[in-house]
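Colleague: entry-v2.txt (compact mmCIF, C-alpha atoms) pasted underneath:
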```
# COMPACT_ATOMS: atom_id res chain seq x y z
CA MET A 1 52.46 -14.85 -27.96
CA ALA A 2 49.69 -12.30 -28.44
CA ARG A 3 46.20 -13.70 -28.85
CA ARG A 4 44.91 -11.89 -31.88
CA GLY A 5 42.30 -14.31 -33.18
CA ALA A 6 39.13 -13.19 -31.46
CA GLY A 7 37.14 -16.19 -30.35
CA MET A 8 39.90 -18.71 -31.04
CA ALA A 9 40.03 -21.30 -28.29
CA SER A 10 43.78 -21.78 -28.58
CA THR A 11 46.71 -20.25 -30.34
CA MET A 12 48.88 -22.07 -32.84
CA ALA A 13 52.13 -21.10 -31.16
CA GLY A 14 54.81 -23.72 -31.79
CA LYS A 15 52.73 -25.45 -34.46
CA VAL A 16 53.70 -26.02 -38.08
CA ALA A 17 51.12 -25.71 -40.84
CA LEU A 18 51.26 -26.69 -44.49
CA ILE A 19 48.84 -24.82 -46.76
CA THR A 20 48.54 -25.92 -50.38
CA GLY A 21 47.09 -23.45 -52.85
CA GLY A 22 48.56 -20.69 -50.73
CA SER A 23 49.15 -18.32 -53.63
CA SER A 24 45.68 -16.74 -53.63
CA GLY A 25 42.11 -16.83 -52.36
CA ILE A 26 41.26 -19.13 -49.48
CA GLY A 27 44.77 -20.63 -49.34
CA ARG A 28 46.45 -17.25 -48.99
CA SER A 29 43.93 -16.15 -46.39
CA ALA A 30 44.42 -19.36 -44.39
CA SER A 31 48.21 -18.93 -44.59
CA LEU A 32 47.95 -15.40 -43.18
CA LEU A 33 45.54 -16.41 -40.40
CA PHE A 34 47.52 -19.47 -39.27
CA ALA A 35 50.69 -17.37 -39.19
CA ARG A 36 48.92 -14.66 -37.20
CA GLU A 37 47.83 -17.33 -34.72
CA GLY A 38 51.48 -18.19 -34.25
CA ALA A 39 51.99 -21.16 -36.57
CA ARG A 40 55.03 -21.42 -38.79
CA VAL A 41 53.58 -21.82 -42.26
CA VAL A 42 54.79 -23.62 -45.36
CA VAL A 43 53.02 -22.10 -48.34
CA ALA A 44 52.81 -24.44 -51.34
CA ALA A 45 51.54 -23.45 -54.78
CA ARG A 46 52.39 -23.65 -58.45
CA ARG A 47 52.60 -19.90 -59.01
CA ILE A 48 55.94 -18.71 -57.66
CA GLU A 49 55.40 -14.96 -57.63
CA GLU A 50 52.02 -15.13 -55.90
CA GLY A 51 53.20 -17.80 -53.43
CA GLU A 52 56.20 -15.71 -52.47
CA GLU A 53 53.92 -12.71 -52.06
CA THR A 54 51.91 -14.66 -49.46
CA VAL A 55 55.14 -15.40 -47.57
CA HIS A 56 56.15 -11.76 -47.85
CA LEU A 57 52.81 -10.65 -46.37
CA ILE A 58 53.29 -13.07 -43.45
CA GLN A 59 56.85 -11.92 -42.81
CA GLU A 60 55.80 -8.27 -42.99
CA ALA A 61 53.29 -8.97 -40.22
CA GLY A 62 56.04 -10.56 -38.11
CA GLY A 63 55.26 -14.19 -38.91
CA ASP A 64 57.44 -17.09 -40.02
CA ALA A 65 56.75 -18.74 -43.39
CA CYS A 66 58.43 -20.16 -46.44
CA PHE A 67 57.31 -20.92 -49.98
CA VAL A 68 57.75 -24.25 -51.73
CA ARG A 69 56.81 -24.35 -55.39
CA THR A 70 54.66 -27.48 -55.74
CA ASP A 71 52.32 -29.07 -58.24
CA VAL A 72 50.19 -31.33 -56.04
CA SER A 73 49.38 -33.65 -58.93
CA GLN A 74 53.05 -34.71 -59.22
CA SER A 75 53.71 -37.65 -56.94
CA PRO A 76 57.45 -37.10 -56.30
CA ALA A 77 56.90 -33.40 -55.53
CA VAL A 78 54.39 -33.91 -52.72
CA PRO A 79 56.42 -36.07 -50.31
CA ALA A 80 59.34 -33.74 -51.08
CA LEU A 81 57.18 -30.82 -49.94
CA VAL A 82 56.48 -32.49 -46.59
CA THR A 83 60.17 -33.35 -46.24
CA THR A 84 61.02 -29.67 -46.78
CA CYS A 85 58.46 -28.77 -44.13
CA VAL A 86 60.12 -31.07 -41.60
CA GLN A 87 63.66 -30.04 -42.55
CA ARG A 88 62.76 -26.41 -42.10
CA TYR A 89 60.44 -26.49 -39.09
CA GLY A 90 60.93 -29.94 -37.55
CA ARG A 91 57.36 -31.27 -37.67
CA LEU A 92 53.90 -30.99 -39.22
CA ASP A 93 50.80 -30.32 -37.13
CA TYR A 94 48.22 -28.90 -39.50
CA ALA A 95 47.57 -29.29 -43.20
CA VAL A 96 45.04 -27.27 -45.14
CA ASN A 97 44.69 -28.62 -48.65
CA THR A 98 43.11 -25.90 -50.75
CA ALA A 99 45.00 -26.35 -54.06
CA GLY A 100 42.55 -26.84 -56.87
CA ILE A 101 41.46 -25.70 -60.29
CA GLU A 102 38.09 -25.13 -61.90
CA GLY A 103 37.02 -26.62 -65.18
CA GLY A 104 35.16 -25.03 -68.03
CA ILE A 105 31.43 -24.45 -67.56
CA VAL A 106 30.28 -27.04 -70.06
CA PRO A 107 27.90 -30.01 -70.08
CA LEU A 108 29.28 -33.29 -68.80
CA ILE A 109 29.10 -34.94 -72.21
CA ASP A 110 31.17 -32.14 -73.78
CA TYR A 111 34.14 -32.33 -71.40
CA THR A 112 37.26 -33.54 -73.17
CA GLU A 113 39.12 -36.45 -71.66
CA GLU A 114 42.20 -34.23 -71.32
CA GLU A 115 40.37 -31.63 -69.25
CA TRP A 116 38.66 -34.31 -67.15
CA ASP A 117 42.02 -35.97 -66.39
CA ALA A 118 43.70 -32.64 -65.58
CA ILE A 119 41.01 -31.68 -63.06
CA ILE A 120 40.95 -35.11 -61.41
CA ALA A 121 44.76 -35.05 -61.19
CA ILE A 122 44.91 -31.79 -59.25
CA ASN A 123 41.60 -31.66 -57.36
CA LEU A 124 41.30 -35.29 -56.30
CA LYS A 125 44.55 -37.18 -56.80
CA GLY A 126 46.39 -34.11 -55.53
CA VAL A 127 44.47 -34.15 -52.26
CA TRP A 128 45.16 -37.88 -51.88
CA LEU A 129 48.89 -37.41 -52.56
CA CYS A 130 49.01 -34.58 -50.02
CA MET A 131 47.16 -36.60 -47.37
CA LYS A 132 49.45 -39.56 -47.95
CA ALA A 133 52.55 -37.54 -47.15
CA GLU A 134 50.89 -35.46 -44.44
CA VAL A 135 49.41 -38.45 -42.56
CA ARG A 136 52.76 -40.27 -42.60
CA GLN A 137 54.49 -37.27 -41.05
CA MET A 138 51.69 -36.70 -38.54
CA GLN A 139 51.89 -40.36 -37.49
CA HIS A 140 55.59 -39.79 -36.95
CA ASN A 141 55.08 -36.71 -34.77
CA GLY A 142 52.18 -38.10 -32.75
CA GLY A 143 49.12 -36.55 -34.38
CA GLY A 144 47.75 -33.68 -36.37
CA ALA A 145 44.77 -32.19 -38.14
CA ILE A 146 43.96 -32.04 -41.83
CA VAL A 147 41.37 -29.81 -43.48
CA ASN A 148 40.54 -30.46 -47.11
CA VAL A 149 38.76 -27.63 -48.85
CA ALA A 150 36.04 -28.89 -51.19
CA SER A 151 32.89 -26.89 -51.93
CA ILE A 152 29.15 -27.03 -51.40
CA GLY A 153 29.52 -28.74 -54.78
CA GLY A 154 30.77 -31.69 -52.74
CA LEU A 155 27.28 -32.15 -51.37
CA ILE A 156 24.98 -31.22 -54.25
CA GLY A 157 25.17 -31.08 -58.03
CA PHE A 158 25.67 -28.02 -60.22
CA PRO A 159 24.90 -28.16 -63.93
CA ARG A 160 27.87 -27.81 -66.31
CA MET A 161 30.44 -28.34 -63.55
CA GLY A 162 30.79 -32.11 -63.77
CA PRO A 163 34.39 -32.80 -62.75
CA MET B 1 31.43 -31.73 -58.53
CA ALA B 2 32.90 -35.21 -58.92
CA THR B 3 36.23 -34.21 -57.36
CA LYS B 4 34.53 -32.30 -54.54
CA HIS B 5 32.32 -35.27 -53.69
CA GLY B 6 35.45 -37.41 -53.92
CA ILE B 7 37.33 -35.26 -51.40
CA ILE B 8 34.57 -35.88 -48.87
CA GLY B 9 34.81 -39.66 -49.29
CA LEU B 10 38.58 -39.56 -49.08
CA THR B 11 38.50 -37.46 -45.92
CA LYS B 12 35.91 -39.64 -44.18
CA THR B 13 38.07 -42.68 -44.93
CA ALA B 14 41.15 -40.96 -43.51
CA ALA B 15 39.17 -39.92 -40.42
CA LEU B 16 38.30 -43.56 -39.78
CA GLU B 17 41.75 -44.93 -40.51
CA TYR B 18 43.89 -42.44 -38.57
CA ALA B 19 41.85 -41.41 -35.52
CA ALA B 20 43.86 -44.00 -33.61
CA ASP B 21 47.00 -42.05 -34.57
CA ASN B 22 45.53 -38.86 -33.10
CA ILE B 23 45.00 -37.43 -36.60
CA ARG B 24 41.73 -35.69 -37.43
CA GLY B 25 40.49 -35.04 -40.95
CA ASN B 26 37.65 -32.74 -41.94
CA VAL B 27 36.28 -31.04 -45.05
CA LEU B 28 35.31 -27.43 -45.58
CA CYS B 29 32.52 -26.79 -48.07
CA PRO B 30 32.55 -23.09 -48.96
CA GLY B 31 29.77 -21.45 -50.92
CA LEU B 32 30.38 -18.43 -53.15
CA ILE B 33 33.54 -16.85 -51.75
CA ASP B 34 35.23 -13.68 -52.95
CA THR B 35 38.18 -15.30 -54.75
CA PRO B 36 39.70 -15.15 -58.24
CA MET B 37 38.34 -18.66 -58.85
CA ALA B 38 34.77 -17.57 -58.04
CA ASP B 39 35.19 -14.62 -60.42
CA ARG B 40 36.15 -17.02 -63.22
CA LEU B 41 33.35 -19.47 -62.42
CA VAL B 42 30.69 -16.78 -62.30
CA ALA B 43 31.96 -15.29 -65.57
CA GLY B 44 31.76 -18.73 -67.16
CA MET B 45 28.18 -19.19 -65.97
CA GLN B 46 26.89 -16.03 -67.66
CA THR B 47 24.79 -17.01 -70.64
CA GLY B 48 22.31 -14.97 -72.63
CA GLY B 49 22.16 -11.93 -70.37
CA ILE B 50 21.69 -13.98 -67.18
CA ASP B 51 23.37 -12.44 -64.14
CA ALA B 52 24.79 -15.58 -62.53
CA GLU B 53 26.19 -13.69 -59.55
CA GLN B 54 22.79 -12.24 -58.62
CA ILE B 55 21.07 -15.61 -59.05
CA LEU B 56 23.59 -17.34 -56.79
CA LEU B 57 23.41 -14.59 -54.18
CA SER B 58 19.61 -14.61 -54.24
CA LEU B 59 19.67 -18.30 -53.24
CA ALA B 60 21.42 -17.70 -49.92
CA PRO B 61 19.92 -15.87 -46.92
CA ILE B 62 23.18 -13.94 -46.42
CA LYS B 63 23.17 -12.10 -49.73
CA ARG B 64 26.84 -11.48 -50.30
CA ARG B 65 29.93 -13.45 -51.17
CA GLY B 66 31.79 -14.92 -48.24
CA THR B 67 35.28 -13.64 -47.62
CA PRO B 68 38.38 -15.86 -47.79
CA LYS B 69 38.93 -14.86 -44.15
CA GLU B 70 35.62 -16.43 -43.17
CA ILE B 71 36.76 -19.74 -44.67
CA ALA B 72 40.24 -19.43 -43.17
CA ALA B 73 38.64 -18.92 -39.74
CA ALA B 74 36.69 -22.18 -40.11
CA ALA B 75 39.87 -24.00 -41.19
CA ALA B 76 41.70 -22.63 -38.16
CA TRP B 77 38.92 -23.79 -35.86
CA LEU B 78 38.84 -27.27 -37.38
CA CYS B 79 42.61 -27.57 -36.83
CA SER B 80 42.50 -26.15 -33.31
CA GLU B 81 42.11 -28.02 -30.03
CA ALA B 82 38.62 -26.51 -29.81
CA ALA B 83 37.65 -29.04 -32.49
CA SER B 84 39.40 -31.98 -30.81
CA TYR B 85 36.23 -34.15 -31.00
CA VAL B 86 35.45 -33.24 -34.64
CA THR B 87 36.59 -35.62 -37.36
CA GLY B 88 35.19 -36.88 -40.64
CA HIS B 89 32.93 -33.84 -40.75
CA SER B 90 32.00 -31.73 -43.77
CA MET B 91 31.48 -28.18 -42.59
CA VAL B 92 29.39 -25.93 -44.79
CA VAL B 93 30.33 -22.22 -44.74
CA ASP B 94 28.04 -20.75 -47.37
CA GLY B 95 25.89 -17.93 -46.00
CA GLY B 96 23.02 -20.39 -45.71
CA PHE B 97 22.89 -21.42 -49.38
CA MET B 98 22.48 -25.11 -48.51
CA THR B 99 19.55 -24.54 -46.14
CA ILE B 100 17.16 -23.91 -49.00
```
Can the structure from this file be put into structure tokens for me?
Modeller:
Amino acid sequence: MARRGAGMASTMAGKVALITGGSSGIGRSASLLFAREGARVVVAARRIEEGEETVHLIQEAGGDACFVRTDVSQSPAVPALVTTCVQRYGRLDYAVNTAGIEGGIVPLIDYTEEEWDAIIAINLKGVWLCMKAEVRQMQHNGGGAIVNVASIGGLIGFPRMGP
Amino acid sequence: MATKHGIIGLTKTAALEYAADNIRGNVLCPGLIDTPMADRLVAGMQTGGIDAEQILLSLAPIKRRGTPKEIAAAAAWLCSEAASYVTGHSMVVDGGFMTI
């Protein structure tokens, strides 16, 4: 396996990675990089066309990936995603949970309960649901690594971005 | 912000609970990255002729948006064996924004 990641201490050959939010932005970029490092990648996202495009880009570059349409806020869908991962590639070594949405830029007291609940469901409950299924599989295959993508907004406050 | 703070707490808890199972858990905290989401957020922050993008960029020593690749590289490192002693950590990749 060619070492293409300059400065990487090890390749990901033989590893299986699950990337949520793999349809665009950081999730797509992580999907492409992990595949280039030799991992087989399961790309999960809500948007089918964009998610399949990520897989197409990986395959075009000679990598191995598949797309699983997933809404991470839906509890039956998330364990099913990890099951698909294992059925397809046999194990799960890495999980990068990037799936998330942004809310409106409005003061805390003006957020509607509906919008608050929707953001919590995807950005927080979704990460928990993913970790639940990922950790169980990683326990089964003897270990693993999880990276949850938050924001510098996880460390400080920003006005009008409450949830 | 609430969900992002929450992710950090959740990940630290997982790091403590599952280290014995050889599972590491870490958080990435990106700053302003060149993504569709950042475009929407910056657009939403524009009020009364204020250039939100320029204000945000002026607050970091590296005065440009980060690339998704720069965040992906950090994620790859955190997953790799090179980070085998790193767990429960929140890694900031933000062009220095948080140093101010």
Colleague: Go through A:Gly38, A:Asp71, A:Ile105, A:Asp93 and flag the residue nearest Ala43 (chain B), using only C-alpha atoms for the distances.
Modeller: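 Result for the nearest residue to Ala43 (chain B): A:Ile105.
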Colleague: Select residues of chain A: the criterion is any atom within 9 Å of an atom of chain B, counting all atoms listed in the file; output as a ChimeraX atom specification.
Modeller: /A:5,8-12,24-34,37,93-96,101-106,119-120,123-125,127-128,131,135,138-139,142-158,160-163
Colleague: Figure out the distance between CA of Leu81 (chain A) and CA of Arg40 (chain A), please, to one decimal in Å.
Modeller: 14.7 Å
Colleague: Could you jot down the CA of Leu92 (chain A) to CA of His140 (chain A) separation for me, Å, one decimal place?
Modeller: 9.2 Å
Colleague: As an exercise, work out the distance from CA of Phe67 (chain A) to CA of Leu129 (chain A) in Å and give it to one decimal place.
Modeller: 18.7 Å
Colleague: Assuming 5 Å of padding per side, give the centre and edge lengths of the axis-aligned box around every listed atom of region 150-156 of chain A, in Å to one decimal and as JSON.
Modeller:
```
{"center_x": 30.5, "center_y": -29.5, "center_z": -53.0, "size_x": 21.1, "size_y": 15.3, "size_z": 13.6}
```
Colleague: Find, counting all atoms listed in the file, the residue in A:Ala121, A:Leu108, A:Val16, A:Cys66 that gets nearest to Val86 (chain A).
Modeller: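 Among the listed residues, the smallest separation from Val86 (chain A) belongs to A:Val16.
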Colleague: From the set A:Pro76, A:Asn97, A:Glu114, A:Ile48, which residue has the shortest atom-to-atom contact distance to Ile19 (chain A), counting all atoms listed in the file?
Modeller: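 So, comparing all the options, the nearest one is A:Asn97.
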